[in-house]
Amino acid sequence: MTNKKNRIITLLTDFGLDDPYVAAMKGVILGINTDVKIIDISHKITSHDIIEASFVLMTSYSYFSPHTIHLVVVDPGVGSQRRAILVQTEKYFFIAPDNGVLSYPLRREKVTIAVEITKSSYFLEDRSSTFHGRDIFAPVAAWLSRGVKAQEFGPAIKDIHHIPFPPVKKLNKNTWRAEVLYVDKFGNVITNIDKGQWQQLQAESQTCSFALQIGGTQITSLADNYLQGKSQKLFALFGSSNFLEISSYCQSAARKLKARRGDTIEITFR
Amino acid sequence: MTNKKNRIITLLTDFGLDDPYVAAMKGVILGINTDVKIIDISHKITSHDIIEASFVLMTSYSYFSPHTIHLVVVDPGVGSQRRAILVQTEKYFFIAPDNGVLSYPLRREKVTIAVEITKSSYFLEDRSSTFHGRDIFAPVAAWLSRGVKAQEFGPAIKDIHHIPFPPVKKLNKNTWRAEVLYVDKFGNVITNIDKGQWQQLQAESQTCSFALQIGGTQITSLADNYLQGKSQKLFALFGSSNFLEISSYCQSAARKLKARRGDTIEITFR
Amino acid sequence: MTNKKNRIITLLTDFGLDDPYVAAMKGVILGINTDVKIIDISHKITSHDIIEASFVLMTSYSYFSPHTIHLVVVDPGVGSQRRAILVQTEKYFFIAPDNGVLSYPLRREKVTIAVEITKSSYFLEDRSSTFHGRDIFAPVAAWLSRGVKAQEFGPAIKDIHHIPFPPVKKLNKNTWRAEVLYVDKFGNVITNIDKGQWQQLQAESQTCSFALQIGGTQITSLADNYLQGKSQKLFALFGSSNFLEISSYCQSAARKLKARRGDTIEITFR
């Protein structure tokens with residue numbers, strides 16, 4: 001992890017795009033490291049929604065080069081006792097409030113070191129108690145991108161706050177209960193079952209044939225791509241994040257199903 | 001077309017800004033070429049609206065430097081048999097699904113070579129069937145920006161899918177039928193008549209005086225700029241894309257007219 | 001002000017993110033200076049809202065490095081006689097229509113030179129009368145970023161158009177009238193009282209205890225951060241821009257109060 005040339009800092013926040021909050025963070029970062037590239041992951045996370053942010057990060061962080069610094073500021077506890085943390089894994093760096101927002105990506109990463117960010121000499125001098133994104137997280141990310149070691153920012157910690165990933169539950173012999181993880185802009189309803197798990201359930205049930213129930217609607221076809229599902233009102237497919245999605249060709253499956261995160265789905269193989 | 005330094009890749013999609021889809025594409029691009037500049041044209045194209053995307057690209061692509069790579073992903077047929085294409089013109093490169101989305105800009109460009117993108121060694125190794133923007137288009141654009149020749153990506157093709165530009169039709173001696181091409185954020189109603197064509201209609205009719213009818217409303221004044229039209233409820237002017245627009249000073253003409261793309265406009269010179 | 005390396009141009013407009021207007025400006029800028037970094041402050045200013053833009057710029061411009069060029073295009077008078085101006089201060093450059101949009105940031109800056117932008121050799125050759133952002137402001141900012149001196153762009157001026165900052169008014173011995181300056185995405189209601197002024201009012205009234213009235217609602221508690229205010233339906237605090245805000249933990253104070261810019265607030269120390 002020595003190549004500090006061409007470092008990338010990604011930003012994921014719930015700040016929206018109307019206000020100048022994201023811009024202030026970028027100004028701070030470029031003031032410390034003019035050579036870094038800043039890429040927006042999203043700033044339209046639902047205000048204070050840690051789980052949504054965790055999902056969005058999980059499905060995008062790994063498309064960035066090794067050494068990329070992923071900075072997440074979804075921070076309802078800003079200014080309080082919640083810790084600010086820096087987590088280094090074998091490939092990436094993550095900086096965030098310690099509120100669980102890193103939980104989903106960290107399931108897939110091997111942590112090499114985690115520190116609590118305490119070294120205030122790396123912070124902005126004038127600090128507010130309401131905008132640590134600008135005053136603490138942004139300058140820390142920028143200094144990190146300049147090659148400062150993770151250990152320099154504070155003491156090592158072991159107990160990162162963790163939010164469990166929602167499990168797929170076995171209800172009976174051939175039936176499982178899954179749930180909606182995320183609804184995207186196209187209205188695709190993304191579930192918590194990934195492709196590997198699906199194949200395992202199929203193997204266990206010794207059949208490929210399935211019926212999926214969500215809010216009174218039954219879905220029985222699995223398409224390879226959206227166009228292939230065109231003849232069906234609703235169909236399932238494995239989306240780009242490798243999770244089972246419920247979709248509708250050129251229409252919003254979520255609107256048809258009135259589906260929202262947390263809604264339950266029952267899948268029976270038969 | 002040899003200067004690969006300082007290459008620019010522009011992105012035009014219907015992915016929206018909530019989800020991390022655009023960010024994943026940027027991560028992939030920067031992983032292949034850290035020196036390229038990525039500029040967003042828009043990600044707020046109406047889902048699957050190829051015509052809207054084609055108009056938006058037509059009115060912006062030419063403001064970029066020669067050698068810029070314009071990447072468009074509005075792709076309702078993703079994963080199906082529709083081709084992915086790379087079109088090189090005298091000044092630019094365009095990469096898109098072959099669904100007609102390049103039609104409007106290509107009316108103004110001289111194509112030097114067009115290829116079907118088939119060479120999978122330039123794609124991501126793990127490919128989904130639902131997100132070619134990330135898995136095929138982004139890496140191809142990045143490799144192109146590193147200097148790989150267009151011909152390397154697949155076989156030459158001649159039959160690019162084409163969507164005709166809506167014509168202005170002559171109804172009788174002095175009357176023409178035009179239509180609404182686009183409504184912008186300010187509510188300007190942009191038509192398919194450009195300045196040259198307007199001058200030609202004027203010359204043919206031997207008068208500058210006109211009446212424009214749209215949805216029961218008549219407009220008879222042509223302003224030079226928005227402020228000049230201030231005293232009129234609605235007025236026409238030639239906008240920044242060189243098309244005739246119907247506007248209202250500091251208000252939305254589209255809302256007043258309930259105008260939408262495809263609405264017809266009758267113009268009589270008299 | 002000689003270091004032209006790594007110059008930054010920020011953009012603040014009311015163009016929105018749907019249309020390709022911002023992209024066209026970026027294309028023009030990068031065509032003149034490929035090395036400049038372009039950072040979006042916001043493009044979601046309410047259409048033609050000069051005061052909102054001035055506030056947003058005031059709360060973000062100073063987080064950028066010295067020599068940054070701040071380009072603002074909120075321009076209801078585009079194409080008319082309103083001037084285009086370039087203002088150099090001890091630390092920054094500002095380019096904007098001369099309609100008052102720079103008023104709030106310039107309260108905090110020491111102007112060294114202001115010029116009317118008239119030198120058309122720095123403009124795009126083909127110019128519309130409706131999009132000076134692309135045709136005049138963008139190329140001027142780009143040439144400035146390449147080291148052209150402010151004086152080169154036109155004659156010096158002294159009479160920049162000025163919009164007064166709304167004052168806090170004394171109503172009687174211990175009561176002041178303030179107003180709402182801005183409502184952010186989280187629903188924080190930002191007022192025109194800054195921290196220094198608040199402390200002065202406190203000192204004058206010889207008490208820290210206060211009651212704040214806004215639209216029939218009374219607020220009496222001042223929190224250090226959002227979490228601290230959790231037990232209150234509504235509370236005041238000093239936000240990241242150093243102004244007094246009215247907030248609600250993880251909820252929109254603006255929605256609860258139906259508050260909008262310009263609404264009055266009465267504060268009594270007692």
# chains A, B, ... in the order shown; residues from 1 in each chain; ligands from 1
>>> interface_residues(of="chain B", to="chain C", cutoff="9 Å", atoms="only C-alpha atoms", output="PyMOL selection string")
chain B and resi 6-8+10+37+39-45+56-57+59-66+184-186+224-228+238-242+249-251
>>> select_by_dssp(residues="stretch 39-139 of chain A", states="strand (DSSP E or B)", output="PyMOL selection string")
chain A and resi 39-42+69-73+84-89+93-97+111-116
>>> residues_around(residues="B:Arg270", least_positions_apart="3", cutoff="12 Å", atoms="only C-alpha atoms", output="MDAnalysis selection string")
chainID B and resid 173:176 201:212 220 267
>>> closest_residue(among="C:Thr264, C:Lys149, C:Asp159, C:Lys119", to="C:Asp98", atoms="only C-alpha atoms")
C:Asp159
>>> residues_around(residues="C:Ala142", least_positions_apart="3", cutoff="7 Å", atoms="only C-alpha atoms", output="NGL selection string")
:C and (29 or 32-33 or 138-139 or 145-146)
>>> residues_around(residues="B:Glu266", least_positions_apart="5", cutoff="12 Å", atoms="only C-alpha atoms", output="PDB file with N, CA, C and O atoms, in the first residue's frame")
ATOM      1  N   VAL B 168     -39.599  19.146 -40.194  1.00  0.00           N
ATOM      2  CA  VAL B 168     -40.600  20.215 -40.222  1.00  0.00           C
ATOM      3  C   VAL B 168     -41.369  20.022 -41.524  1.00  0.00           C
ATOM      4  O   VAL B 168     -40.779  19.929 -42.591  1.00  0.00           O
ATOM      5  N   LYS B 169     -42.689  19.924 -41.426  1.00  0.00           N
ATOM      6  CA  LYS B 169     -43.501  19.585 -42.608  1.00  0.00           C
ATOM      7  C   LYS B 169     -44.270  20.788 -43.131  1.00  0.00           C
ATOM      8  O   LYS B 169     -44.880  21.521 -42.357  1.00  0.00           O
ATOM      9  N   LYS B 170     -44.303  20.931 -44.442  1.00  0.00           N
ATOM     10  CA  LYS B 170     -45.063  22.020 -45.054  1.00  0.00           C
ATOM     11  C   LYS B 170     -46.533  21.596 -45.125  1.00  0.00           C
ATOM     12  O   LYS B 170     -46.861  20.539 -45.657  1.00  0.00           O
ATOM     13  N   LEU B 171     -47.415  22.400 -44.547  1.00  0.00           N
ATOM     14  CA  LEU B 171     -48.843  22.057 -44.571  1.00  0.00           C
ATOM     15  C   LEU B 171     -49.528  22.730 -45.752  1.00  0.00           C
ATOM     16  O   LEU B 171     -50.354  22.140 -46.427  1.00  0.00           O
ATOM     17  N   ASN B 172     -49.204  23.994 -45.986  1.00  0.00           N
ATOM     18  CA  ASN B 172     -49.685  24.696 -47.184  1.00  0.00           C
ATOM     19  C   ASN B 172     -48.741  25.866 -47.455  1.00  0.00           C
ATOM     20  O   ASN B 172     -47.714  25.996 -46.776  1.00  0.00           O
ATOM     21  N   ASN B 174     -47.930  28.938 -46.715  1.00  0.00           N
ATOM     22  CA  ASN B 174     -47.131  29.648 -45.711  1.00  0.00           C
ATOM     23  C   ASN B 174     -47.148  29.002 -44.329  1.00  0.00           C
ATOM     24  O   ASN B 174     -46.773  29.633 -43.347  1.00  0.00           O
ATOM     25  N   THR B 175     -47.599  27.768 -44.256  1.00  0.00           N
ATOM     26  CA  THR B 175     -47.762  27.139 -42.939  1.00  0.00           C
ATOM     27  C   THR B 175     -46.959  25.839 -42.840  1.00  0.00           C
ATOM     28  O   THR B 175     -46.976  25.013 -43.755  1.00  0.00           O
ATOM     29  N   TRP B 176     -46.265  25.729 -41.712  1.00  0.00           N
ATOM     30  CA  TRP B 176     -45.458  24.537 -41.470  1.00  0.00           C
ATOM     31  C   TRP B 176     -45.838  23.906 -40.137  1.00  0.00           C
ATOM     32  O   TRP B 176     -46.274  24.600 -39.218  1.00  0.00           O
ATOM     33  N   ARG B 177     -45.640  22.602 -40.056  1.00  0.00           N
ATOM     34  CA  ARG B 177     -45.858  21.922 -38.786  1.00  0.00           C
ATOM     35  C   ARG B 177     -44.523  21.468 -38.211  1.00  0.00           C
ATOM     36  O   ARG B 177     -43.794  20.697 -38.844  1.00  0.00           O
ATOM     37  N   ALA B 178     -44.241  21.937 -37.010  1.00  0.00           N
ATOM     38  CA  ALA B 178     -43.018  21.537 -36.304  1.00  0.00           C
ATOM     39  C   ALA B 178     -43.437  20.737 -35.076  1.00  0.00           C
ATOM     40  O   ALA B 178     -44.621  20.467 -34.880  1.00  0.00           O
ATOM     41  N   GLU B 179     -42.473  20.338 -34.258  1.00  0.00           N
ATOM     42  CA  GLU B 179     -42.859  19.662 -33.025  1.00  0.00           C
ATOM     43  C   GLU B 179     -41.894  19.956 -31.880  1.00  0.00           C
ATOM     44  O   GLU B 179     -40.799  20.492 -32.079  1.00  0.00           O
ATOM     45  N   VAL B 180     -42.342  19.615 -30.679  1.00  0.00           N
ATOM     46  CA  VAL B 180     -41.511  19.827 -29.490  1.00  0.00           C
ATOM     47  C   VAL B 180     -40.489  18.698 -29.392  1.00  0.00           C
ATOM     48  O   VAL B 180     -40.850  17.519 -29.404  1.00  0.00           O
ATOM     49  N   THR B 191     -38.037  23.366 -29.931  1.00  0.00           N
ATOM     50  CA  THR B 191     -38.657  22.768 -31.119  1.00  0.00           C
ATOM     51  C   THR B 191     -37.592  22.212 -32.068  1.00  0.00           C
ATOM     52  O   THR B 191     -36.398  22.387 -31.845  1.00  0.00           O
ATOM     53  N   ASN B 192     -38.052  21.586 -33.125  1.00  0.00           N
ATOM     54  CA  ASN B 192     -37.136  20.997 -34.112  1.00  0.00           C
ATOM     55  C   ASN B 192     -36.787  21.941 -35.270  1.00  0.00           C
ATOM     56  O   ASN B 192     -36.220  21.497 -36.266  1.00  0.00           O
ATOM     57  N   ILE B 193     -37.098  23.232 -35.131  1.00  0.00           N
ATOM     58  CA  ILE B 193     -36.739  24.191 -36.194  1.00  0.00           C
ATOM     59  C   ILE B 193     -35.457  24.902 -35.807  1.00  0.00           C
ATOM     60  O   ILE B 193     -35.423  25.594 -34.783  1.00  0.00           O
ATOM     61  N   PHE B 210     -44.954  36.330 -38.173  1.00  0.00           N
ATOM     62  CA  PHE B 210     -45.391  34.937 -38.041  1.00  0.00           C
ATOM     63  C   PHE B 210     -46.399  34.796 -36.906  1.00  0.00           C
ATOM     64  O   PHE B 210     -46.467  35.646 -35.999  1.00  0.00           O
ATOM     65  N   ALA B 211     -47.155  33.729 -36.956  1.00  0.00           N
ATOM     66  CA  ALA B 211     -47.979  33.324 -35.816  1.00  0.00           C
ATOM     67  C   ALA B 211     -47.713  31.847 -35.566  1.00  0.00           C
ATOM     68  O   ALA B 211     -47.717  31.035 -36.496  1.00  0.00           O
ATOM     69  N   LEU B 212     -47.433  31.547 -34.330  1.00  0.00           N
ATOM     70  CA  LEU B 212     -47.093  30.175 -33.944  1.00  0.00           C
ATOM     71  C   LEU B 212     -48.211  29.669 -33.031  1.00  0.00           C
ATOM     72  O   LEU B 212     -48.578  30.330 -32.055  1.00  0.00           O
ATOM     73  N   GLN B 213     -48.761  28.519 -33.359  1.00  0.00           N
ATOM     74  CA  GLN B 213     -49.848  27.943 -32.559  1.00  0.00           C
ATOM     75  C   GLN B 213     -49.354  26.695 -31.843  1.00  0.00           C
ATOM     76  O   GLN B 213     -48.805  25.798 -32.492  1.00  0.00           O
ATOM     77  N   ILE B 214     -49.549  26.656 -30.542  1.00  0.00           N
ATOM     78  CA  ILE B 214     -49.237  25.429 -29.805  1.00  0.00           C
ATOM     79  C   ILE B 214     -50.327  25.203 -28.768  1.00  0.00           C
ATOM     80  O   ILE B 214     -50.567  26.068 -27.912  1.00  0.00           O
ATOM     81  N   GLY B 215     -51.045  24.096 -28.927  1.00  0.00           N
ATOM     82  CA  GLY B 215     -52.109  23.724 -27.984  1.00  0.00           C
ATOM     83  C   GLY B 215     -53.091  24.832 -27.682  1.00  0.00           C
ATOM     84  O   GLY B 215     -53.376  25.091 -26.512  1.00  0.00           O
ATOM     85  N   GLY B 216     -53.563  25.541 -28.710  1.00  0.00           N
ATOM     86  CA  GLY B 216     -54.563  26.577 -28.496  1.00  0.00           C
ATOM     87  C   GLY B 216     -54.002  27.950 -28.148  1.00  0.00           C
ATOM     88  O   GLY B 216     -54.741  28.923 -28.042  1.00  0.00           O
ATOM     89  N   THR B 217     -52.700  28.042 -27.951  1.00  0.00           N
ATOM     90  CA  THR B 217     -52.090  29.336 -27.624  1.00  0.00           C
ATOM     91  C   THR B 217     -51.369  29.889 -28.855  1.00  0.00           C
ATOM     92  O   THR B 217     -50.733  29.138 -29.589  1.00  0.00           O
ATOM     93  N   GLN B 218     -51.485  31.187 -29.068  1.00  0.00           N
ATOM     94  CA  GLN B 218     -50.793  31.799 -30.203  1.00  0.00           C
ATOM     95  C   GLN B 218     -49.652  32.675 -29.720  1.00  0.00           C
ATOM     96  O   GLN B 218     -49.802  33.422 -28.753  1.00  0.00           O
ATOM     97  N   ILE B 219     -48.536  32.578 -30.406  1.00  0.00           N
ATOM     98  CA  ILE B 219     -47.352  33.374 -30.058  1.00  0.00           C
ATOM     99  C   ILE B 219     -46.888  34.088 -31.317  1.00  0.00           C
ATOM    100  O   ILE B 219     -46.786  33.476 -32.375  1.00  0.00           O
ATOM    101  N   THR B 220     -46.607  35.393 -31.181  1.00  0.00           N
ATOM    102  CA  THR B 220     -46.266  36.162 -32.386  1.00  0.00           C
ATOM    103  C   THR B 220     -44.983  36.976 -32.237  1.00  0.00           C
ATOM    104  O   THR B 220     -44.590  37.668 -33.160  1.00  0.00           O
TER     105      THR B 220
END
>>> select_by_dssp(residues="stretch 53-172 of chain B", states="helix (DSSP H, G or I)", output="MDAnalysis selection string")
chainID B and resid 53:58 61:63 103:106 120:122 132:145 150:153
>>> write_last_selection(atoms="N, CA and C atoms", output="CSV table (one decimal), in the first residue's frame")
chain,number,residue,atom,x,y,z
B,53,ALA,N,-32.0,11.1,-24.9
B,53,ALA,CA,-30.6,11.1,-24.7
B,53,ALA,C,-29.9,11.5,-26.0
B,54,SER,N,-30.5,11.2,-27.2
B,54,SER,CA,-29.9,11.6,-28.4
B,54,SER,C,-29.9,13.1,-28.6
B,55,PHE,N,-31.0,13.8,-28.2
B,55,PHE,CA,-31.1,15.2,-28.2
B,55,PHE,C,-30.1,15.9,-27.3
B,56,VAL,N,-30.0,15.3,-26.0
B,56,VAL,CA,-29.1,15.9,-25.0
B,56,VAL,C,-27.6,15.8,-25.5
B,57,LEU,N,-27.3,14.7,-26.1
B,57,LEU,CA,-25.9,14.5,-26.6
B,57,LEU,C,-25.7,15.5,-27.8
B,58,MET,N,-26.7,15.6,-28.7
B,58,MET,CA,-26.5,16.5,-29.9
B,58,MET,C,-26.2,17.9,-29.5
B,61,TYR,N,-22.2,17.6,-27.2
B,61,TYR,CA,-21.0,16.9,-27.5
B,61,TYR,C,-19.9,17.7,-28.2
B,62,SER,N,-20.4,18.7,-29.0
B,62,SER,CA,-19.4,19.5,-29.8
B,62,SER,C,-18.7,20.5,-29.0
B,63,TYR,N,-19.0,20.7,-27.7
B,63,TYR,CA,-18.3,21.7,-26.9
B,63,TYR,C,-17.1,21.1,-26.3
B,103,SER,N,-28.1,8.7,-33.1
B,103,SER,CA,-28.6,9.3,-34.4
B,103,SER,C,-28.5,10.8,-34.5
B,104,TYR,N,-28.9,11.6,-33.5
B,104,TYR,CA,-28.9,13.0,-33.7
B,104,TYR,C,-27.5,13.6,-33.8
B,105,PRO,N,-26.6,13.2,-32.9
B,105,PRO,CA,-25.3,13.8,-33.1
B,105,PRO,C,-24.6,13.3,-34.4
B,106,LEU,N,-24.9,12.1,-34.8
B,106,LEU,CA,-24.2,11.6,-36.0
B,106,LEU,C,-24.7,12.3,-37.3
B,120,SER,N,-13.8,-9.5,-26.3
B,120,SER,CA,-14.1,-9.6,-24.9
B,120,SER,C,-12.9,-9.4,-24.0
B,121,SER,N,-11.7,-9.5,-24.6
B,121,SER,CA,-10.5,-9.3,-23.8
B,121,SER,C,-10.5,-7.9,-23.2
B,122,TYR,N,-11.2,-6.9,-23.8
B,122,TYR,CA,-11.3,-5.6,-23.3
B,122,TYR,C,-12.4,-5.4,-22.3
B,132,HIS,N,-24.0,-3.7,-18.8
B,132,HIS,CA,-22.9,-3.6,-19.7
B,132,HIS,C,-22.2,-2.2,-19.6
B,133,GLY,N,-22.9,-1.2,-19.1
B,133,GLY,CA,-22.3,0.1,-18.9
B,133,GLY,C,-21.0,-0.1,-18.1
B,134,ARG,N,-21.1,-0.9,-17.0
B,134,ARG,CA,-19.9,-1.1,-16.1
B,134,ARG,C,-19.0,-2.2,-16.7
B,135,ASP,N,-19.6,-3.2,-17.3
B,135,ASP,CA,-18.8,-4.4,-17.6
B,135,ASP,C,-18.2,-4.4,-19.0
B,136,ILE,N,-18.8,-3.7,-19.9
B,136,ILE,CA,-18.3,-3.6,-21.3
B,136,ILE,C,-18.0,-2.2,-21.8
B,137,PHE,N,-19.0,-1.3,-21.7
B,137,PHE,CA,-18.8,0.0,-22.2
B,137,PHE,C,-17.7,0.8,-21.5
B,138,ALA,N,-17.7,0.8,-20.2
B,138,ALA,CA,-16.7,1.6,-19.4
B,138,ALA,C,-15.3,1.1,-19.7
B,139,PRO,N,-15.0,-0.2,-19.6
B,139,PRO,CA,-13.6,-0.7,-19.9
B,139,PRO,C,-13.2,-0.4,-21.4
B,140,VAL,N,-14.1,-0.5,-22.3
B,140,VAL,CA,-13.8,-0.3,-23.7
B,140,VAL,C,-13.4,1.2,-23.9
B,141,ALA,N,-14.2,2.1,-23.3
B,141,ALA,CA,-13.9,3.6,-23.3
B,141,ALA,C,-12.6,3.8,-22.7
B,142,ALA,N,-12.3,3.2,-21.6
B,142,ALA,CA,-11.0,3.4,-20.9
B,142,ALA,C,-9.8,2.9,-21.8
B,143,TRP,N,-10.0,1.7,-22.4
B,143,TRP,CA,-8.9,1.2,-23.2
B,143,TRP,C,-8.7,2.1,-24.5
B,144,LEU,N,-9.8,2.6,-25.0
B,144,LEU,CA,-9.7,3.5,-26.2
B,144,LEU,C,-9.0,4.8,-25.8
B,145,SER,N,-9.3,5.3,-24.6
B,145,SER,CA,-8.6,6.5,-24.1
B,145,SER,C,-7.1,6.3,-23.9
B,150,ALA,N,-9.7,2.0,-32.7
B,150,ALA,CA,-11.1,1.6,-32.8
B,150,ALA,C,-11.3,0.2,-33.4
B,151,GLN,N,-10.5,-0.1,-34.4
B,151,GLN,CA,-10.6,-1.4,-35.2
B,151,GLN,C,-10.3,-2.6,-34.3
B,152,GLU,N,-9.5,-2.4,-33.2
B,152,GLU,CA,-9.2,-3.5,-32.3
B,152,GLU,C,-10.4,-4.0,-31.5
B,153,PHE,N,-11.4,-3.3,-31.4
B,153,PHE,CA,-12.5,-3.7,-30.6
B,153,PHE,C,-13.6,-4.6,-31.2
>>> closest_residue(among="A:Arg260, A:Lys91, A:His70, A:Arg83", to="A:Val115", atoms="only C-alpha atoms")
A:Arg83
>>> atom_distance(atom1="atom CA of C:Pro164", atom2="atom CA of B:Ser252")
28.4 Å
>>> closest_residue(among="C:Leu234, C:Leu244, C:Ile190, C:Leu102", to="C:Leu12", atoms="only C-alpha atoms")
C:Leu102
>>> atom_distance(atom1="atom CA of A:Thr68", atom2="atom CA of A:Phe94")
8.6 Å
